[in-house]
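Text of protein_24.cif (mmCIF, C-alpha atoms and all ligand atoms) as supplied:
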data_work
loop_
_atom_site.label_atom_id
_atom_site.label_comp_id
_atom_site.auth_asym_id
_atom_site.auth_seq_id
_atom_site.Cartn_x
_atom_site.Cartn_y
_atom_site.Cartn_z
CA MET A 1 120.72 103.65 91.09
CA GLY A 2 118.02 102.19 88.89
CA LEU A 3 115.81 99.35 89.99
CA PRO A 4 113.93 97.19 87.53
CA ILE A 5 110.19 97.29 88.05
CA GLN A 6 110.02 93.55 88.60
CA ASP A 7 112.11 93.97 91.76
CA LEU A 8 109.75 96.45 93.38
CA PRO A 9 107.88 95.36 96.52
CA ASP A 10 104.35 94.03 96.14
CA GLU A 11 102.86 97.06 97.88
CA VAL A 12 104.39 99.44 95.37
CA LEU A 13 103.14 97.43 92.41
CA LEU A 14 99.65 97.31 93.92
CA ALA A 15 99.69 101.07 94.45
CA GLY A 16 100.75 101.63 90.85
CA TYR A 17 98.14 99.20 89.57
CA GLY A 18 95.39 100.95 91.51
CA GLN A 19 96.66 104.30 90.35
CA GLY A 20 96.55 103.28 86.72
CA ASP A 21 100.27 103.35 86.08
CA PRO A 22 100.61 101.30 82.89
CA GLU A 23 104.02 99.76 83.54
CA LEU A 24 103.41 98.94 87.18
CA ALA A 25 100.01 97.50 86.29
CA VAL A 26 101.60 95.05 83.85
CA ALA A 27 104.21 94.10 86.45
CA PHE A 28 101.52 93.59 89.07
CA VAL A 29 99.39 91.33 86.89
CA ARG A 30 102.44 89.34 85.80
CA ARG A 31 103.63 88.84 89.35
CA PHE A 32 100.30 87.59 90.68
CA GLN A 33 98.37 86.03 87.83
CA ALA A 34 99.62 82.46 88.34
CA ARG A 35 98.85 82.69 92.02
CA VAL A 36 95.37 84.11 91.52
CA PHE A 37 94.54 81.67 88.74
CA GLY A 38 95.91 78.80 90.86
CA VAL A 39 93.54 79.60 93.74
CA ALA A 40 90.61 80.10 91.36
CA LEU A 41 91.33 76.81 89.62
CA ALA A 42 91.79 74.87 92.86
CA ILE A 43 88.39 75.96 94.11
CA ALA A 44 86.36 76.27 90.92
CA GLY A 45 87.83 73.17 89.32
CA ASN A 46 86.86 74.29 85.84
CA PRO A 47 89.44 76.33 83.87
CA SER A 48 86.95 78.61 82.15
CA VAL A 49 85.15 79.41 85.41
CA ALA A 50 88.56 79.88 87.04
CA GLU A 51 89.60 82.36 84.37
CA ASP A 52 86.44 84.34 84.91
CA VAL A 53 86.97 84.34 88.66
CA ALA A 54 90.63 85.31 88.33
CA GLN A 55 89.74 88.23 86.10
CA GLN A 56 87.08 89.42 88.54
CA ALA A 57 89.64 89.17 91.32
CA PHE A 58 92.03 91.49 89.50
CA VAL A 59 89.23 93.95 88.83
CA ARG A 60 88.25 93.93 92.48
CA ALA A 61 91.88 94.40 93.55
CA TRP A 62 92.13 97.37 91.21
CA ARG A 63 88.97 98.97 92.61
CA HIS A 64 89.99 98.38 96.19
CA ALA A 65 93.74 98.91 95.99
CA GLY A 66 93.33 101.91 98.26
CA ALA A 67 91.73 99.77 100.94
CA TYR A 68 94.62 97.32 101.13
CA ASP A 69 96.02 97.29 104.66
CA PRO A 70 99.54 95.87 105.01
CA ARG A 71 98.99 95.31 108.73
CA ARG A 72 96.43 92.64 108.00
CA ALA A 73 97.83 90.65 105.12
CA SER A 74 100.53 90.40 102.51
CA VAL A 75 99.42 91.56 99.06
CA GLY A 76 99.44 87.93 97.93
CA GLY A 77 97.35 86.87 100.92
CA TRP A 78 94.89 89.69 100.33
CA LEU A 79 94.52 88.72 96.67
CA GLY A 80 94.15 85.09 97.65
CA VAL A 81 91.22 85.89 99.93
CA ILE A 82 89.54 88.02 97.26
CA THR A 83 89.96 85.20 94.76
CA ARG A 84 88.72 82.52 97.12
CA ASN A 85 85.60 84.49 97.98
CA LEU A 86 84.78 85.08 94.32
CA ALA A 87 85.43 81.43 93.50
CA LEU A 88 83.15 80.34 96.32
CA ASP A 89 80.46 82.72 95.11
CA ALA A 90 80.78 81.21 91.65
CA ALA A 91 80.56 77.71 93.05
CA ARG A 92 77.70 78.47 95.44
CA VAL A 93 75.11 77.09 93.06
CA ARG A 94 76.51 73.61 93.54
CA PRO A 95 78.86 73.71 96.51
CA ALA A 96 81.96 71.64 95.98
CA ALA A 97 80.51 69.87 92.98
CA GLY A 98 83.19 67.82 91.30
CA LEU A 99 85.70 68.78 93.93
CA ASP A 100 88.20 66.25 95.11
CA PRO A 101 89.21 67.34 98.61
CA SER A 102 91.78 64.63 99.17
CA GLY A 103 93.41 65.52 95.87
CA LEU A 104 93.40 69.15 96.92
CA LEU A 105 94.93 68.32 100.31
CA GLU A 106 97.56 66.23 98.54
CA ARG A 107 98.54 69.15 96.36
CA LEU A 108 98.66 71.51 99.32
CA VAL A 109 100.96 69.42 101.47
CA ASP A 110 103.04 68.01 98.66
CA PRO A 111 102.97 70.28 95.63
CA ALA A 112 104.61 69.46 92.36
CA PRO A 113 107.74 71.52 91.74
CA ALA A 114 106.44 74.97 90.98
CA ALA A 115 106.19 75.83 87.32
CA ASP A 116 106.56 79.48 88.22
CA PRO A 117 108.97 79.68 91.12
CA GLU A 118 109.27 83.45 90.82
CA GLY A 119 105.71 83.98 91.90
CA LEU A 120 106.26 81.78 94.91
CA LEU A 121 109.41 83.35 96.27
CA VAL A 122 107.57 85.87 98.36
CA ALA A 123 105.49 83.46 100.34
CA ALA A 124 107.89 80.56 100.20
CA GLU A 125 109.14 80.68 103.74
CA ALA A 126 105.85 81.32 105.48
CA ALA A 127 104.02 78.87 103.25
CA GLY A 128 106.64 76.19 103.83
CA THR A 129 106.13 76.52 107.55
CA LEU A 130 102.38 76.25 107.27
CA ARG A 131 102.72 73.32 104.87
CA GLU A 132 104.81 71.50 107.45
CA ALA A 133 102.22 72.26 110.09
CA LEU A 134 99.38 71.00 107.88
CA ARG A 135 101.32 67.85 107.12
CA SER A 136 101.78 67.19 110.82
CA LEU A 137 98.02 67.14 111.46
CA PRO A 138 96.02 63.93 111.57
CA ARG A 139 94.60 63.35 108.13
CA GLU A 140 90.96 63.88 109.11
CA GLN A 141 91.75 67.20 110.77
CA ALA A 142 93.75 68.44 107.79
CA THR A 143 90.90 67.46 105.48
CA ALA A 144 88.35 69.26 107.66
CA VAL A 145 90.31 72.50 107.78
CA VAL A 146 90.94 72.42 104.02
CA LEU A 147 87.29 71.76 103.30
CA ALA A 148 86.36 74.69 105.52
CA GLY A 149 89.04 77.21 104.67
CA MET A 150 89.50 76.51 100.98
CA VAL A 151 86.27 75.01 99.80
CA GLY A 152 84.06 77.03 102.13
CA LEU A 153 82.12 74.06 103.46
CA SER A 154 80.30 74.67 106.74
CA ALA A 155 80.68 72.29 109.66
CA SER A 156 77.39 70.59 108.81
CA GLN A 157 78.38 70.19 105.15
CA ILE A 158 81.68 68.66 106.29
CA ALA A 159 79.78 66.33 108.62
CA GLU A 160 77.56 65.21 105.77
CA ARG A 161 80.42 64.77 103.35
CA GLU A 162 82.59 62.81 105.77
CA GLY A 163 79.71 60.88 107.30
CA ILE A 164 80.41 62.09 110.83
CA PRO A 165 78.31 63.81 113.52
CA LEU A 166 78.15 67.61 113.42
CA GLY A 167 79.92 67.91 116.77
CA THR A 168 82.81 65.84 115.47
CA ALA A 169 83.12 68.02 112.37
CA LYS A 170 83.23 71.15 114.50
CA THR A 171 85.83 69.65 116.79
CA ARG A 172 88.01 68.65 113.84
CA VAL A 173 87.87 72.12 112.31
CA ARG A 174 88.56 73.90 115.60
CA THR A 175 91.29 71.55 116.73
CA ALA A 176 92.98 71.70 113.33
CA LEU A 177 93.06 75.47 113.20
CA ARG A 178 94.25 75.75 116.79
CA ARG A 179 97.02 73.24 116.16
CA LEU A 180 98.13 74.94 112.97
CA ARG A 181 98.40 78.16 114.86
CA ALA A 182 100.31 76.62 117.75
CA GLU A 183 102.65 74.80 115.35
CA LEU A 184 103.42 78.03 113.50
CA GLU A 185 104.22 79.75 116.75
CA VAL A 186 106.57 76.98 117.80
CA GLN A 187 108.36 77.13 114.46
CA ARG A 188 108.56 80.91 114.62
CA ALA A 189 110.05 80.72 118.11
CA HIS A 190 112.62 78.24 116.85
CA ARG A 191 113.71 80.57 114.09
CA ALA A 192 113.84 83.65 116.30
CA MET B 193 90.59 80.11 123.96
CA PRO B 194 92.55 83.08 125.16
CA GLU B 195 93.60 82.99 128.74
CA GLY B 196 91.32 84.85 131.08
CA CYS B 197 88.31 84.74 128.79
CA GLY B 198 85.76 82.02 129.19
CA ALA B 199 82.94 83.81 127.47
CA LEU B 200 83.06 81.91 124.21
CA ALA B 201 82.68 78.43 125.59
CA GLY B 202 81.60 77.02 122.23
CA GLU B 203 84.67 78.45 120.50
CA PRO B 204 83.16 79.34 117.15
CA LEU B 205 86.12 81.63 116.51
CA ALA B 206 87.67 79.03 114.21
CA GLU B 207 84.58 78.90 112.02
CA ILE B 208 84.52 82.67 111.80
CA ALA B 209 88.20 82.82 110.91
CA LEU B 210 87.59 80.26 108.18
CA GLY B 211 84.53 82.10 106.93
CA ILE B 212 82.09 79.24 107.53
CA ALA B 213 80.28 80.34 110.71
CA ASP B 214 76.49 80.51 110.59
CA ALA B 215 74.70 83.77 111.23
CA GLN B 216 73.77 82.87 114.80
CA ASP B 217 77.33 82.03 115.86
CA ARG B 218 78.65 85.07 114.10
CA ALA B 219 76.19 87.41 115.80
CA ALA B 220 77.00 86.02 119.23
CA VAL B 221 80.73 86.33 118.71
CA VAL B 222 80.60 89.78 117.16
CA ALA B 223 78.67 91.02 120.19
CA HIS B 224 81.31 89.56 122.48
CA LEU B 225 84.26 90.86 120.47
CA GLU B 226 83.07 94.41 120.98
CA SER B 227 84.16 94.20 124.58
CA CYS B 228 86.90 91.59 124.55
CA PRO B 229 90.35 92.47 123.18
CA ALA B 230 91.67 89.00 124.06
CA CYS B 231 89.19 87.28 121.77
CA ARG B 232 89.75 89.90 119.07
CA ASP B 233 93.46 89.09 119.10
CA GLU B 234 92.69 85.41 119.04
CA LEU B 235 90.41 85.83 116.05
CA ARG B 236 92.99 87.90 114.22
CA ALA B 237 95.66 85.24 114.75
CA MET B 238 93.32 82.47 113.61
CA THR B 239 92.28 84.44 110.54
CA GLU B 240 95.92 84.84 109.62
CA VAL B 241 96.40 81.08 109.73
CA ALA B 242 93.16 80.43 107.83
CA ASP B 243 94.06 82.89 105.07
CA GLY B 244 97.56 81.42 104.93
CA LEU B 245 96.10 78.14 103.68
CA LEU B 246 95.51 79.85 100.34
CA GLU B 247 99.21 80.44 99.95
CA LEU B 248 99.74 76.70 99.82
CA VAL B 249 97.80 76.39 96.60
CA PRO B 250 100.16 75.67 93.71
CA PRO B 251 100.21 78.51 91.18
CA ALA B 252 98.86 77.79 87.71
CA GLU B 253 99.50 79.71 84.50
CA PRO B 254 96.30 81.30 83.23
CA PRO B 255 95.31 80.92 79.56
CA VAL B 256 97.08 82.97 76.92
CA GLY B 257 95.78 86.52 76.73
CA PHE B 258 94.69 86.68 80.36
CA GLU B 259 97.03 89.54 81.21
CA GLU B 260 95.81 91.62 78.26
CA ARG B 261 92.18 91.03 79.16
CA VAL B 262 92.72 92.13 82.75
CA LEU B 263 94.59 95.23 81.68
CA ALA B 264 91.97 96.11 79.08
CA VAL B 265 89.37 96.27 81.84
CA THR B 266 91.40 97.90 84.58
CA GLN B 267 93.61 100.29 82.67
CA PRO B 268 91.36 101.62 79.92
CA ALA B 269 92.80 105.13 79.85
CA PRO B 270 95.27 107.09 81.91
CA ARG B 271 92.71 109.76 82.75
CA THR B 272 91.57 108.01 85.95
CA VAL B 273 95.00 108.43 87.47
CA ARG B 274 94.51 111.63 89.37
CA ARG B 275 91.07 110.80 90.59
CA ARG B 276 92.00 107.53 92.19
CA TRP B 277 95.18 108.59 93.86
CA PRO B 278 94.05 110.70 96.81
CA ARG B 279 92.10 107.80 98.27
CA LEU B 280 95.14 105.64 98.15
CA VAL B 281 97.26 108.26 99.80
CA ALA B 282 94.69 108.63 102.55
CA ALA B 283 94.60 104.90 103.09
CA ALA B 284 98.35 104.70 103.04
CA ALA B 285 98.56 107.45 105.60
CA MET B 286 96.14 105.57 107.79
CA VAL B 287 98.36 102.55 107.83
CA ALA B 288 101.19 104.64 109.13
CA VAL B 289 101.32 102.46 112.18
CA ALA B 290 102.89 99.18 113.16
CA LEU B 291 103.73 97.22 110.07
CA ALA B 292 104.28 94.23 112.26
CA GLY B 293 105.94 91.63 110.14
CA GLY B 294 105.31 93.82 107.14
CA TRP B 295 107.78 94.60 104.45
CA ALA B 296 108.87 91.06 104.12
CA LEU B 297 110.01 92.21 100.75
CA ALA B 298 112.30 94.94 101.92
CA GLY B 299 115.20 92.58 101.41
CA ARG B 300 114.42 92.35 97.73
CA LEU B 301 115.00 96.04 97.35
CA SER B 302 118.56 95.73 98.42
CA SER B 303 119.32 92.95 95.99
CA PRO B 304 121.72 94.04 93.28
CA ALA B 305 119.76 95.83 90.62
CA PRO B 306 120.65 95.28 87.00
CA ALA B 307 121.21 98.58 85.26
CA GLY B 308 119.08 99.74 82.40
CA ASN B 309 115.76 100.85 83.83
CA GLY B 310 115.88 104.45 84.85
CA ALA B 311 112.15 104.72 85.48
CA VAL B 312 112.40 103.62 89.09
CA GLU B 313 114.93 104.96 91.56
CA THR B 314 115.51 103.81 95.09
CA ALA B 315 117.47 105.53 97.79
CA ALA B 316 118.17 104.88 101.43
CA LEU B 317 116.45 107.19 103.86
CA ARG B 318 119.10 108.25 106.33
CA ALA B 319 119.13 110.01 109.68
CA GLY B 320 122.71 111.09 110.28
CA ASN B 321 124.72 108.02 109.31
CA ARG B 322 121.91 105.58 110.11
CA THR B 323 119.64 104.07 107.49
CA VAL B 324 116.09 104.38 108.76
CA GLY B 325 114.05 103.57 105.69
CA GLN B 326 113.79 103.65 101.94
CA VAL B 327 112.42 105.89 99.21
CA VAL B 328 111.22 104.64 95.83
CA LEU B 329 110.65 107.13 93.03
CA VAL B 330 108.66 106.16 89.97
CA GLU B 331 109.36 108.55 87.13
CA HIS B 332 106.54 108.40 84.65
CA ALA B 333 104.16 110.85 83.06
CA HIS B 334 102.52 110.85 86.50
CA PRO B 335 105.48 110.53 88.81
CA TRP B 336 105.05 109.40 92.36
CA MET B 337 107.04 108.10 95.26
CA SER B 338 106.69 105.71 98.12
CA LEU B 339 108.51 106.04 101.37
CA ARG B 340 109.15 103.51 104.08
CA LEU B 341 110.23 104.48 107.56
CA ASP B 342 111.53 101.67 109.77
CA ALA B 343 112.99 103.50 112.72
CA GLY B 344 111.47 106.88 113.46
CA PRO B 345 110.02 108.71 116.42
CA HIS B 346 106.71 107.77 118.02
CA ASP B 347 103.43 109.65 117.93
CA VAL B 348 104.43 112.52 115.74
CA THR B 349 103.29 114.09 112.51
CA VAL B 350 105.97 114.31 109.86
CA ARG B 351 105.98 116.27 106.64
CA CYS B 352 107.46 114.78 103.51
CA GLN B 353 109.21 117.28 101.29
CA VAL B 354 110.99 116.77 97.99
CA VAL B 355 113.72 119.04 96.70
CA GLY B 356 114.23 119.54 92.98
CA ASN B 357 117.48 119.93 91.06
CA ASP B 358 116.53 123.59 90.77
CA GLY B 359 116.35 123.93 94.55
CA ARG B 360 112.57 124.09 94.62
CA LYS B 361 110.99 122.51 97.71
CA VAL B 362 107.56 120.89 97.54
CA THR B 363 105.63 119.28 100.37
CA VAL B 364 104.00 116.11 99.04
CA GLY B 365 102.30 114.85 102.16
CA THR B 366 101.93 114.92 105.91
CA PHE B 367 101.88 111.66 107.79
CA TRP B 368 101.24 110.41 111.27
CA VAL B 369 103.89 108.09 112.70
CA ALA B 370 102.45 106.02 115.50
CA ASP B 371 105.28 103.82 116.55
CA GLY B 372 108.27 104.72 114.48
CA ARG B 373 107.26 102.86 111.34
CA GLY B 374 105.16 103.52 108.32
CA TYR B 375 104.69 103.29 104.59
CA TRP B 376 103.26 106.04 102.44
CA ALA B 377 102.87 106.95 98.82
CA ALA B 378 102.32 110.34 97.23
CA THR B 379 102.19 111.90 93.79
CA LEU B 380 104.95 114.26 92.69
CA PRO B 381 104.81 117.40 90.56
CA ALA B 382 105.40 116.31 86.97
CA ASP B 383 107.81 119.14 86.28
CA LEU B 384 110.11 118.51 89.22
CA SER B 385 113.36 116.60 88.85
CA VAL B 386 113.80 115.28 92.37
CA SER B 387 117.27 115.30 93.89
CA LYS B 388 116.29 114.75 97.48
CA ALA B 389 113.38 113.62 99.64
CA GLN B 390 113.21 114.45 103.31
CA LEU B 391 111.00 114.04 106.34
CA LEU B 392 110.55 117.08 108.56
CA LEU B 393 109.50 117.15 112.19
CA PRO B 394 106.84 119.63 113.32
CA GLY B 395 109.43 122.31 114.17
CA GLY B 396 110.93 122.01 110.70
CA ARG B 397 114.00 120.03 111.74
CA VAL B 398 115.01 117.35 109.25
CA LEU B 399 114.32 113.91 110.67
CA ALA B 400 115.73 111.91 107.76
CA ALA B 401 116.65 112.44 104.14
CA ALA B 402 117.29 110.45 101.00
CA THR B 403 119.53 111.67 98.23
CA ILE B 404 118.40 110.65 94.78
CA LEU B 405 121.30 110.02 92.47
CA PRO B 406 120.67 110.79 88.84
CA GLY B 407 119.74 107.55 87.07
ZN ZN C 1 86.59 87.00 125.05
#

What would you get if you wrote out this structure as structure tokens?
Ligand SMILES: [Zn+2]
Amino acid sequence: MGLPIQDLPDEVLLAGYGQGDPELAVAFVRRFQARVFGVALAIAGNPSVAEDVAQQAFVRAWRHAGAYDPRRASVGGWLGVITRNLALDAARVRPAAGLDPSGLLERLVDPAPAADPEGLLVAAEAAGTLREALRSLPREQATAVVLAGMVGLSASQIAEREGIPLGTAKTRVRTALRRLRAELEVQRAHRA
Amino acid sequence: MPEGCGALAGEPLAEIALGIADAQDRAAVVAHLESCPACRDELRAMTEVADGLLELVPPAEPPVGFEERVLAVTQPAPRTVRRRWPRLVAAAAMVAVALAGGWALAGRLSSPAPAGNGAVETAALRAGNRTVGQVVLVEHAHPWMSLRLDAGPHDVTVRCQVVGNDGRKVTVGTFWVADGRGYWAATLPADLSVSKAQLLLPGGRVLAAATILPG
């Protein structure tokens, strides 16, 4: 029984990529490049910075493939975190300059039909659930959690940006994350 | 706030999960986490949700040539292959514990596979007439395999052995199974045409085996 490389699980492609297997490396990059570039672009805003960030993310994933721990995250989630951190580092000079958080939130809760549905298949179910949960939050809470988790703004930066007291910003972030978590658990229980 | 723990009254766990906590909050929480499994679990669950936000970002096609540029940097020459592998095997062996919720992709393996690519072979890992996992063989210049065990014994060391067409038996790795599940990868001898992969218990009894059909 032969299995085409593009049907292999993410973990196997990552292992092959880290190992230097030429065919698996190509398959790995193809499977994840739109995802990685998407995250880089969403945070960096600028396509040329995003490309730089996305390339660094793949290099870091290659160097640290052996440290990937499937108990803690999916391969896509792990790559997403690597990419976000690099994008935030790149943007640190001028935090969130030119960023449009409400536009970003809009795209998160109501994305355009995916141009590359194949890359999304893996996370589709889990992401759909979280998307629902994010949509169900009050707008100001959803904005706060997106500003924190995606843009890397601290509670005091959120307070400044939204023109609210620091305590309110903290409450929004904490309440939002707790509600997202609770909502996911409810939905999981429903499915089980 | 986890039940039974009132230590973190300010609840900066969310900020830590989101990666925006300041140094003072972080230090206080880290000190507390050392001794509080409830808050550790809470933080883990929150981090999962926080990281999940990234999966909502719509994908975007990178500029033309991106793939080639990445590969030029990361796959300059095949000579690094052997050097990098042992670390990966060690890490993979370490994760030979609960893959809770892991292997979301296992279903994809069982999807009908179009013929035509003999480089990758998959086979069910069977114990008696029960399927307990899956073996994937990658047949390249540097062949290797990965093995997934879904339903095995608990707290035992197993040995993975491959059997060649010529009857030769080679042990490719020894793995610790904490709670019946695990995922490992190992390199294979380049000159061996594998017909079977099996997991052996400490006494040498075969726990499970996968027969590799010729591609
Ligand atoms: Zn605690």

Return as a Markdown table the residues of chain B lying at most 6 Å from ligand ZN 1 (chain C), together with the closest atom-to-atom pair for each and the distance in Å to one decimal, counting all atoms listed in the file, with rows in chain order and ascending residue number.
| residue | atom | partner | partner_atom | distance |
| --- | --- | --- | --- | --- |
| B:Cys197 | CA | C:ZN1 | ZN | 4.7 |
| B:Ala199 | CA | C:ZN1 | ZN | 5.4 |
| B:Cys228 | CA | C:ZN1 | ZN | 4.6 |
| B:Ala230 | CA | C:ZN1 | ZN | 5.5 |
| B:Cys231 | CA | C:ZN1 | ZN | 4.2 |

Requested write-out: C-alpha atoms of the selected residues, as a CSV table (one decimal), keeping the file's coordinate frame:
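Okay, part-v4.csv is ready:
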chain,number,residue,atom,x,y,z
B,197,CYS,CA,88.3,84.7,128.8
B,199,ALA,CA,82.9,83.8,127.5
B,228,CYS,CA,86.9,91.6,124.6
B,230,ALA,CA,91.7,89.0,124.1
B,231,CYS,CA,89.2,87.3,121.8

Note to self: Would you pick out the contacts of range 74-87 of chain A at 9 Å or less, using all atoms listed in the file, so that residues sharing its chain but fewer than 2 positions from it are not included, and give the list as a PyMOL selection string?
What the structure shows: (chain A and resi 10-11+14+32+35-37+39-41+43-44+49-50+53-54+56-58+60-61+68-72+89-92+122-123+150-152) or (chain B and resi 243-244+246-247+294-296)

Notebook entry, point to check: What is the distance, in Å and to one decimal place, between CA of Val173 in chain A and CA of Arg191 in chain A?
Noted result: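 Interatomic distance here is 27.2 Å.
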
Check: Expressed in Å to a single decimal, how great is the separation between CA of Phe367 in chain B and CA of Leu384 in chain B?
Finding: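 Spanning CA of Phe367 in chain B to CA of Leu384 in chain B is a straight-line distance of 21.4 Å.
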
Checklist line | Nearest-residue call for Asn357 in chain B, choices B:Val398, B:Ala252, B:Ile404, B:Ala370, using all atoms listed in the file | finding: B:Ile404

Residues at most 7 Å from Pro335 in chain B, counting all atoms listed in the file, excluding those fewer than 5 positions away in the same chain, as a tab-separated table (two decimals) with C-alpha atoms, in the frame of the given file?
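Listed below is the output, around.tsv:
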chain	number	residue	atom	x	y	z
B	330	VAL	CA	108.66	106.16	89.97
B	379	THR	CA	102.19	111.90	93.79
B	380	LEU	CA	104.95	114.26	92.69
B	382	ALA	CA	105.40	116.31	86.97

Checklist line | From B:Asp233, B:Asp347, B:Glu207, B:Asp371, residue lying nearest chain A [only C-alpha atoms] | finding: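 Checking each candidate against chain A, we get B:Glu207 as the closest.
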
Notebook entry, point to check: What separation in Å, quoted to one decimal, exists between CA of Arg131 in chain A and CA of Asp110 in chain A?
Noted result: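 For CA of Arg131 in chain A relative to CA of Asp110 in chain A, the distance reads 8.2 Å.
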